[in-house]
file target_13.tsv (TSV, C-alpha atoms)
chain	number	residue	atom	x	y	z
T	1	MET	CA	3.57	13.70	12.82
T	2	PRO	CA	2.87	17.04	11.12
T	3	LEU	CA	5.02	20.00	12.09
T	4	ASP	CA	3.43	23.14	13.53
T	5	ASP	CA	3.93	26.52	11.86
T	6	GLN	CA	6.84	27.46	14.15
T	7	HIS	CA	8.76	24.32	13.16
T	8	ILE	CA	7.89	24.81	9.49
T	9	TRP	CA	9.29	28.37	9.59
T	10	ALA	CA	12.47	27.11	11.25
T	11	LEU	CA	12.81	24.43	8.56
T	12	LEU	CA	12.20	26.88	5.70
T	13	ARG	CA	14.82	29.27	7.04
T	14	ASP	CA	17.28	26.42	7.54
T	15	LEU	CA	16.81	25.25	3.94
T	16	ASP	CA	17.14	28.79	2.55
T	17	ASP	CA	20.68	28.60	1.18
T	18	PRO	CA	21.50	31.88	-0.61
T	19	ASP	CA	24.07	30.13	-2.82
T	20	HIS	CA	21.70	27.45	-4.13
T	21	MET	CA	18.41	28.76	-5.44
T	22	GLU	CA	17.08	25.92	-7.65
T	23	PHE	CA	18.20	22.97	-5.55
T	24	PRO	CA	20.33	22.34	-2.47
T	25	GLN	CA	24.06	21.75	-2.61
T	26	ASN	CA	23.86	17.95	-2.29
T	27	TYR	CA	20.77	17.52	-4.45
T	28	ASP	CA	20.26	14.01	-5.80
T	29	HIS	CA	18.03	14.32	-8.87
T	30	ALA	CA	17.70	10.55	-9.38
T	31	ALA	CA	16.58	9.94	-5.79
T	32	THR	CA	14.20	12.92	-5.89
T	33	ARG	CA	12.70	11.67	-9.17
T	34	ALA	CA	12.32	8.12	-7.86
T	35	ARG	CA	10.45	9.29	-4.75
T	36	PHE	CA	8.33	11.71	-6.84
T	37	ASP	CA	7.39	8.89	-9.24
T	38	GLN	CA	6.59	6.64	-6.30
T	39	LEU	CA	4.26	9.31	-4.90
T	40	ALA	CA	2.50	9.62	-8.26
T	41	ALA	CA	2.03	5.83	-8.44
T	42	ARG	CA	0.71	5.68	-4.88
T	43	LEU	CA	-1.76	8.52	-5.53
T	44	ASN	CA	-2.94	6.80	-8.73
T	45	GLN	CA	-3.65	3.68	-6.71
T	46	ARG	CA	-5.13	5.47	-3.70
T	47	PHE	CA	-7.50	7.60	-5.80
T	48	GLN	CA	-8.08	4.86	-8.42
T	49	CYS	CA	-7.23	7.18	-11.29
T	50	THR	CA	-4.42	8.35	-13.49
T	51	CYS	CA	-3.00	11.57	-12.16
T	52	SER	CA	-1.40	14.02	-14.54
T	53	VAL	CA	2.27	14.46	-13.74
T	54	ASP	CA	4.51	17.38	-14.71
T	55	ARG	CA	8.12	16.18	-14.66
T	56	GLY	CA	9.45	18.71	-17.19
T	57	VAL	CA	10.36	21.46	-14.74
T	58	GLN	CA	13.42	23.64	-15.35
T	59	ASP	CA	14.75	26.84	-13.78
T	60	ALA	CA	12.64	26.26	-10.70
T	61	SER	CA	12.85	25.54	-7.00
T	62	HIS	CA	10.40	22.66	-7.35
T	63	HIS	CA	10.78	19.22	-8.90
T	64	GLY	CA	7.31	18.62	-10.30
T	65	THR	CA	3.56	18.58	-9.81
T	66	ILE	CA	1.05	15.76	-9.56
T	67	VAL	CA	-2.61	16.58	-10.22
T	68	ILE	CA	-5.41	14.34	-9.01
T	69	PRO	CA	-8.34	14.86	-11.41
T	70	THR	CA	-11.63	16.27	-10.17
T	71	THR	CA	-13.43	13.06	-11.13
T	72	ALA	CA	-11.37	11.14	-8.55
T	73	THR	CA	-11.84	13.54	-5.62
T	74	ALA	CA	-14.65	14.07	-3.14
T	75	SER	CA	-13.82	17.78	-2.99
T	76	GLY	CA	-15.35	18.89	-6.28
T	77	ASP	CA	-12.07	20.18	-7.74
T	78	HIS	CA	-8.73	18.77	-8.76
T	79	ILE	CA	-5.95	18.58	-6.19
T	80	ALA	CA	-2.36	19.57	-6.95
T	81	ILE	CA	0.64	18.22	-5.07
T	82	ARG	CA	3.85	20.11	-5.78
T	83	VAL	CA	7.19	18.68	-4.67
T	84	SER	CA	10.05	21.04	-3.85
T	85	ASN	CA	13.71	20.38	-4.62
T	86	PHE	CA	14.42	21.25	-1.00
T	87	GLY	CA	14.12	19.17	2.14
T	88	ALA	CA	11.41	16.77	0.98
T	89	LEU	CA	8.88	19.60	1.13
T	90	VAL	CA	5.48	19.27	-0.55
T	91	THR	CA	2.47	21.49	-0.72
T	92	VAL	CA	-1.06	20.34	-1.45
T	93	THR	CA	-3.61	22.69	-2.98
T	94	LEU	CA	-7.26	22.33	-3.79
T	95	GLY	CA	-7.43	23.48	-7.38
T	96	ASN	CA	-4.50	25.42	-8.72
T	97	PRO	CA	-2.20	27.15	-6.23
T	98	GLY	CA	-3.89	30.33	-5.05
T	99	SER	CA	-7.37	29.25	-6.18
T	100	TYR	CA	-8.87	29.30	-2.70
T	101	ASP	CA	-8.16	31.31	0.39
T	102	GLU	CA	-7.52	29.39	3.59
T	103	GLU	CA	-11.12	29.61	4.81
T	104	GLU	CA	-12.55	28.41	1.49
T	105	GLU	CA	-10.06	25.57	1.32
T	106	ASN	CA	-10.89	24.45	4.86
T	107	LEU	CA	-14.57	24.39	3.91
T	108	LEU	CA	-14.27	22.72	0.48
T	109	PHE	CA	-11.29	20.35	0.80
T	110	GLU	CA	-12.94	17.14	1.97
T	111	THR	CA	-11.41	15.28	4.92
T	112	ALA	CA	-11.38	12.00	2.99
T	113	ASP	CA	-9.21	13.53	0.26
T	114	ARG	CA	-6.90	15.18	2.79
T	115	ARG	CA	-6.45	11.94	4.68
T	116	ARG	CA	-5.59	9.89	1.59
T	117	ILE	CA	-3.00	12.41	0.46
T	118	LYS	CA	-1.56	12.84	3.95
T	119	ASP	CA	-1.10	9.07	4.29
T	120	GLU	CA	0.81	8.79	1.01
T	121	VAL	CA	2.92	11.92	1.53
T	122	GLU	CA	3.94	10.90	5.04
T	123	ALA	CA	4.60	7.28	4.02
T	124	LEU	CA	7.32	8.58	1.69
T	125	GLY	CA	8.84	10.93	4.26
T	126	TYR	CA	7.64	14.20	2.74
T	127	ILE	CA	6.90	17.23	4.91
T	128	ALA	CA	3.68	19.02	3.95
T	129	VAL	CA	3.67	22.82	4.08
T	130	SER	CA	0.46	24.85	3.80
T	131	GLU	CA	0.35	26.95	0.66
T	132	HIS	CA	-1.22	29.73	2.71
T	133	LEU	CA	1.84	29.94	4.94
T	134	LEU	CA	4.03	30.11	1.83
T	135	TRP	CA	2.27	33.18	0.39
T	136	THR	CA	4.08	35.25	3.03
T	137	ARG	CA	6.52	37.80	1.60
T	138	TYR	CA	9.99	36.30	1.26
T	139	ASP	CA	12.46	37.76	3.76
T	140	GLY	CA	15.13	35.08	3.65
T	141	ALA	CA	18.89	34.92	3.22
T	142	SER	CA	19.14	35.10	-0.57
T	143	ASN	CA	18.95	38.09	-2.90
T	144	LEU	CA	15.79	36.68	-4.52
T	145	ALA	CA	13.94	39.96	-3.96
T	146	ALA	CA	16.43	41.77	-6.24
T	147	TYR	CA	14.93	39.96	-9.24
T	148	TYR	CA	11.35	41.09	-8.59
T	149	PRO	CA	9.80	44.54	-8.80
T	150	PRO	CA	8.91	46.08	-5.42
T	151	GLU	CA	5.20	45.98	-6.26
T	152	HIS	CA	5.42	42.17	-6.78
T	153	PRO	CA	7.90	40.88	-4.21
T	154	PRO	CA	8.68	37.17	-4.05
T	155	THR	CA	7.06	34.91	-1.48
T	156	TRP	CA	8.21	31.79	0.32
T	157	TRP	CA	6.15	29.95	-2.32
T	158	THR	CA	8.49	31.42	-4.94
T	159	ARG	CA	11.54	30.37	-2.95
T	160	PHE	CA	10.64	26.69	-2.66
T	161	PHE	CA	7.75	25.88	-5.03
T	162	ASP	CA	7.92	28.04	-8.15
T	163	TYR	CA	9.86	28.96	-11.25
T	164	LEU	CA	12.80	31.28	-10.66

call {"tool": "encode", "arguments": {"input": "target_13.tsv", "output": "structure tokens"}}
result
Amino acid sequence: MPLDDQHIWALLRDLDDPDHMEFPQNYDHAATRARFDQLAARLNQRFQCTCSVDRGVQDASHHGTIVIPTTATASGDHIAIRVSNFGALVTVTLGNPGSYDEEEENLLFETADRRRIKDEVEALGYIAVSEHLLWTRYDGASNLAAYYPPEHPPTWWTRFFDYL
């Protein structure tokens, strides 16, 4: 069952450990990679394609990104699924992150594509977080903001789904 925004915010704040920026204290890279690879395989099968997979992520709060090619979607654009190093969080974006505002995404992101992704994400125990919620200015427990100029403050996307 998907979490509402209030529960997502509570989860994000709970996972926001100021002493562990790239991954949580008890991070298990092998287990995270195995589940990530399983998601990629399931999406390949579900969309009958070969997704591109970025596993070479370093100095980041996310583990990797899976991209479903445009030719395999009903939405008219590729779909990116980014997996965080924290709390089994994932975010799904139509196009590249930030390509569409929430209204455009709601209009263009076909229900059939959403449903297929939701089924696979939930089957593996991931928690989907809207990218639009994550673009909110970061106001968490860490000193992340100290590393960014005031005119470009970090967001919750930065905290859990970006390079640091």

call {"tool": "atom_distance", "arguments": {"input": "target_13.tsv", "atom1": "atom CA of T:Leu39", "atom2": "atom CA of T:Thr65"}}
result
10.5 Å

call {"tool": "atom_distance", "arguments": {"input": "target_13.tsv", "atom1": "atom CA of T:Ala30", "atom2": "atom CA of T:Glu122"}}
result
19.9 Å

call {"tool": "closest_atom_pairs", "arguments": {"input": "target_13.tsv", "of": "stretch 59-84 of chain T", "to": "stretch 127-142 of chain T", "cutoff": "12 Å", "atoms": "all atoms listed in the file", "output": "Markdown table"}}
result
| residue | atom | partner | partner_atom | distance |
| --- | --- | --- | --- | --- |
| T:Ala80 | CA | T:Glu131 | CA | 10.9 |
| T:Ile81 | CA | T:Ala128 | CA | 9.6 |
| T:Arg82 | CA | T:Ala128 | CA | 9.8 |
| T:Val83 | CA | T:Ala128 | CA | 9.3 |
| T:Ser84 | CA | T:Ile127 | CA | 10.1 |

call {"tool": "write_last_selection", "arguments": {"input": "target_13.tsv", "atoms": "C-alpha atoms", "output": "PDB file, keeping the file's coordinate frame"}}
result
ATOM      1  CA  ALA T  80      -2.360  19.570  -6.950  1.00  0.00           C
ATOM      2  CA  ILE T  81       0.640  18.220  -5.070  1.00  0.00           C
ATOM      3  CA  ARG T  82       3.850  20.110  -5.780  1.00  0.00           C
ATOM      4  CA  VAL T  83       7.190  18.680  -4.670  1.00  0.00           C
ATOM      5  CA  SER T  84      10.050  21.040  -3.850  1.00  0.00           C
TER       6      SER T  84
END

call {"tool": "residues_around", "arguments": {"input": "target_13.tsv", "residues": "T:Phe36", "least_positions_apart": "2", "cutoff": "12 Å", "atoms": "only C-alpha atoms", "output": "ChimeraX atom specification"}}
result
/T:29-34,38-43,53-55,62-66,81-85,88-90,120-121,124-126

call {"tool": "closest_residue", "arguments": {"input": "target_13.tsv", "among": "T:Leu3, T:Asp16, T:Trp157, T:Ala72", "to": "T:Gln45", "atoms": "all atoms listed in the file"}}
result
T:Ala72

call {"tool": "atom_distance", "arguments": {"input": "target_13.tsv", "atom1": "atom CA of T:Phe47", "atom2": "atom CA of T:Pro69"}}
result
9.2 Å

call {"tool": "closest_residue", "arguments": {"input": "target_13.tsv", "among": "T:Ala123, T:Leu107, T:Leu144, T:Leu164", "to": "T:Val57", "atoms": "all atoms listed in the file"}}
result
T:Leu164

call {"tool": "axis_aligned_box", "arguments": {"input": "target_13.tsv", "around": "stretch 38-55 of chain T", "padding_each_side": "8 Å", "output": "lines of an AutoDock Vina configuration file"}}
result
center_x = 0.0
center_y = 10.5
center_z = -9.2
size_x = 32.2
size_y = 29.7
size_z = 27.0

call {"tool": "decode", "arguments": {"input": "target_13.tsv", "residues": "stretch 125-149 of chain T", "atoms": "N, CA, C and O atoms", "output": "PDB file, in the first residue's frame"}}
result
ATOM      1  N   GLY T 125       9.526  -4.755  -2.325  1.00  0.00           N
ATOM      2  CA  GLY T 125       9.541  -4.065  -1.045  1.00  0.00           C
ATOM      3  C   GLY T 125      10.075  -2.649  -1.060  1.00  0.00           C
ATOM      4  O   GLY T 125      10.385  -2.085  -0.013  1.00  0.00           O
ATOM      5  N   TYR T 126      10.177  -2.054  -2.252  1.00  0.00           N
ATOM      6  CA  TYR T 126      10.608  -0.663  -2.339  1.00  0.00           C
ATOM      7  C   TYR T 126       9.455   0.272  -1.958  1.00  0.00           C
ATOM      8  O   TYR T 126       8.288  -0.079  -2.079  1.00  0.00           O
ATOM      9  N   ILE T 127       9.825   1.470  -1.544  1.00  0.00           N
ATOM     10  CA  ILE T 127       8.858   2.519  -1.215  1.00  0.00           C
ATOM     11  C   ILE T 127       9.059   3.646  -2.222  1.00  0.00           C
ATOM     12  O   ILE T 127      10.131   4.262  -2.268  1.00  0.00           O
ATOM     13  N   ALA T 128       8.049   3.897  -3.036  1.00  0.00           N
ATOM     14  CA  ALA T 128       8.137   4.931  -4.068  1.00  0.00           C
ATOM     15  C   ALA T 128       7.846   6.308  -3.478  1.00  0.00           C
ATOM     16  O   ALA T 128       6.889   6.477  -2.725  1.00  0.00           O
ATOM     17  N   VAL T 129       8.711   7.269  -3.838  1.00  0.00           N
ATOM     18  CA  VAL T 129       8.570   8.648  -3.386  1.00  0.00           C
ATOM     19  C   VAL T 129       8.483   9.530  -4.629  1.00  0.00           C
ATOM     20  O   VAL T 129       9.311   9.416  -5.533  1.00  0.00           O
ATOM     21  N   SER T 130       7.502  10.405  -4.669  1.00  0.00           N
ATOM     22  CA  SER T 130       7.336  11.310  -5.807  1.00  0.00           C
ATOM     23  C   SER T 130       8.522  12.246  -5.925  1.00  0.00           C
ATOM     24  O   SER T 130       8.945  12.871  -4.946  1.00  0.00           O
ATOM     25  N   GLU T 131       9.057  12.364  -7.127  1.00  0.00           N
ATOM     26  CA  GLU T 131      10.169  13.304  -7.328  1.00  0.00           C
ATOM     27  C   GLU T 131       9.749  14.727  -6.992  1.00  0.00           C
ATOM     28  O   GLU T 131      10.551  15.531  -6.520  1.00  0.00           O
ATOM     29  N   HIS T 132       8.487  15.057  -7.206  1.00  0.00           N
ATOM     30  CA  HIS T 132       8.015  16.414  -6.987  1.00  0.00           C
ATOM     31  C   HIS T 132       8.028  16.771  -5.498  1.00  0.00           C
ATOM     32  O   HIS T 132       8.321  17.907  -5.132  1.00  0.00           O
ATOM     33  N   LEU T 133       7.779  15.824  -4.655  1.00  0.00           N
ATOM     34  CA  LEU T 133       7.889  16.015  -3.215  1.00  0.00           C
ATOM     35  C   LEU T 133       9.354  16.258  -2.838  1.00  0.00           C
ATOM     36  O   LEU T 133       9.666  17.101  -2.000  1.00  0.00           O
ATOM     37  N   LEU T 134      10.245  15.554  -3.495  1.00  0.00           N
ATOM     38  CA  LEU T 134      11.674  15.627  -3.177  1.00  0.00           C
ATOM     39  C   LEU T 134      12.346  16.922  -3.612  1.00  0.00           C
ATOM     40  O   LEU T 134      13.440  17.240  -3.132  1.00  0.00           O
ATOM     41  N   TRP T 135      11.728  17.701  -4.492  1.00  0.00           N
ATOM     42  CA  TRP T 135      12.340  18.960  -4.924  1.00  0.00           C
ATOM     43  C   TRP T 135      12.198  20.041  -3.862  1.00  0.00           C
ATOM     44  O   TRP T 135      12.686  21.163  -4.025  1.00  0.00           O
ATOM     45  N   THR T 136      11.579  19.726  -2.741  1.00  0.00           N
ATOM     46  CA  THR T 136      11.452  20.660  -1.624  1.00  0.00           C
ATOM     47  C   THR T 136      12.829  20.943  -1.028  1.00  0.00           C
ATOM     48  O   THR T 136      13.655  20.038  -0.905  1.00  0.00           O
ATOM     49  N   ARG T 137      13.050  22.181  -0.646  1.00  0.00           N
ATOM     50  CA  ARG T 137      14.336  22.581  -0.046  1.00  0.00           C
ATOM     51  C   ARG T 137      14.643  21.706   1.172  1.00  0.00           C
ATOM     52  O   ARG T 137      13.803  21.500   2.035  1.00  0.00           O
ATOM     53  N   TYR T 138      15.865  21.213   1.214  1.00  0.00           N
ATOM     54  CA  TYR T 138      16.306  20.359   2.319  1.00  0.00           C
ATOM     55  C   TYR T 138      16.406  21.175   3.609  1.00  0.00           C
ATOM     56  O   TYR T 138      17.065  22.211   3.647  1.00  0.00           O
ATOM     57  N   ASP T 139      15.759  20.679   4.660  1.00  0.00           N
ATOM     58  CA  ASP T 139      15.813  21.322   5.968  1.00  0.00           C
ATOM     59  C   ASP T 139      16.012  20.271   7.059  1.00  0.00           C
ATOM     60  O   ASP T 139      15.495  20.381   8.154  1.00  0.00           O
ATOM     61  N   GLY T 140      16.793  19.252   6.724  1.00  0.00           N
ATOM     62  CA  GLY T 140      16.971  18.124   7.625  1.00  0.00           C
ATOM     63  C   GLY T 140      18.070  18.305   8.647  1.00  0.00           C
ATOM     64  O   GLY T 140      18.585  19.407   8.872  1.00  0.00           O
ATOM     65  N   ALA T 141      18.464  17.185   9.247  1.00  0.00           N
ATOM     66  CA  ALA T 141      19.363  17.150  10.396  1.00  0.00           C
ATOM     67  C   ALA T 141      20.839  17.337  10.053  1.00  0.00           C
ATOM     68  O   ALA T 141      21.627  17.704  10.920  1.00  0.00           O
ATOM     69  N   SER T 142      21.229  17.102   8.830  1.00  0.00           N
ATOM     70  CA  SER T 142      22.655  17.165   8.482  1.00  0.00           C
ATOM     71  C   SER T 142      23.076  18.585   8.131  1.00  0.00           C
ATOM     72  O   SER T 142      22.252  19.483   8.009  1.00  0.00           O
ATOM     73  N   ASN T 143      24.381  18.763   7.921  1.00  0.00           N
ATOM     74  CA  ASN T 143      24.898  20.065   7.502  1.00  0.00           C
ATOM     75  C   ASN T 143      25.057  20.115   5.977  1.00  0.00           C
ATOM     76  O   ASN T 143      25.887  20.855   5.467  1.00  0.00           O
ATOM     77  N   LEU T 144      24.249  19.377   5.251  1.00  0.00           N
ATOM     78  CA  LEU T 144      24.304  19.328   3.797  1.00  0.00           C
ATOM     79  C   LEU T 144      24.257  20.718   3.173  1.00  0.00           C
ATOM     80  O   LEU T 144      24.981  21.008   2.215  1.00  0.00           O
ATOM     81  N   ALA T 145      23.453  21.595   3.719  1.00  0.00           N
ATOM     82  CA  ALA T 145      23.303  22.941   3.156  1.00  0.00           C
ATOM     83  C   ALA T 145      24.613  23.731   3.178  1.00  0.00           C
ATOM     84  O   ALA T 145      24.814  24.616   2.343  1.00  0.00           O
ATOM     85  N   ALA T 146      25.518  23.397   4.075  1.00  0.00           N
ATOM     86  CA  ALA T 146      26.798  24.112   4.170  1.00  0.00           C
ATOM     87  C   ALA T 146      27.656  23.920   2.923  1.00  0.00           C
ATOM     88  O   ALA T 146      28.552  24.720   2.657  1.00  0.00           O
ATOM     89  N   TYR T 147      27.396  22.888   2.151  1.00  0.00           N
ATOM     90  CA  TYR T 147      28.190  22.586   0.962  1.00  0.00           C
ATOM     91  C   TYR T 147      27.609  23.169  -0.322  1.00  0.00           C
ATOM     92  O   TYR T 147      28.140  22.935  -1.403  1.00  0.00           O
ATOM     93  N   TYR T 148      26.528  23.905  -0.211  1.00  0.00           N
ATOM     94  CA  TYR T 148      25.856  24.475  -1.379  1.00  0.00           C
ATOM     95  C   TYR T 148      25.733  25.984  -1.210  1.00  0.00           C
ATOM     96  O   TYR T 148      25.489  26.472  -0.108  1.00  0.00           O
ATOM     97  N   PRO T 149      25.853  26.723  -2.307  1.00  0.00           N
ATOM     98  CA  PRO T 149      25.678  28.173  -2.192  1.00  0.00           C
ATOM     99  C   PRO T 149      24.224  28.500  -1.854  1.00  0.00           C
ATOM    100  O   PRO T 149      23.310  27.772  -2.245  1.00  0.00           O
TER     101      PRO T 149
END
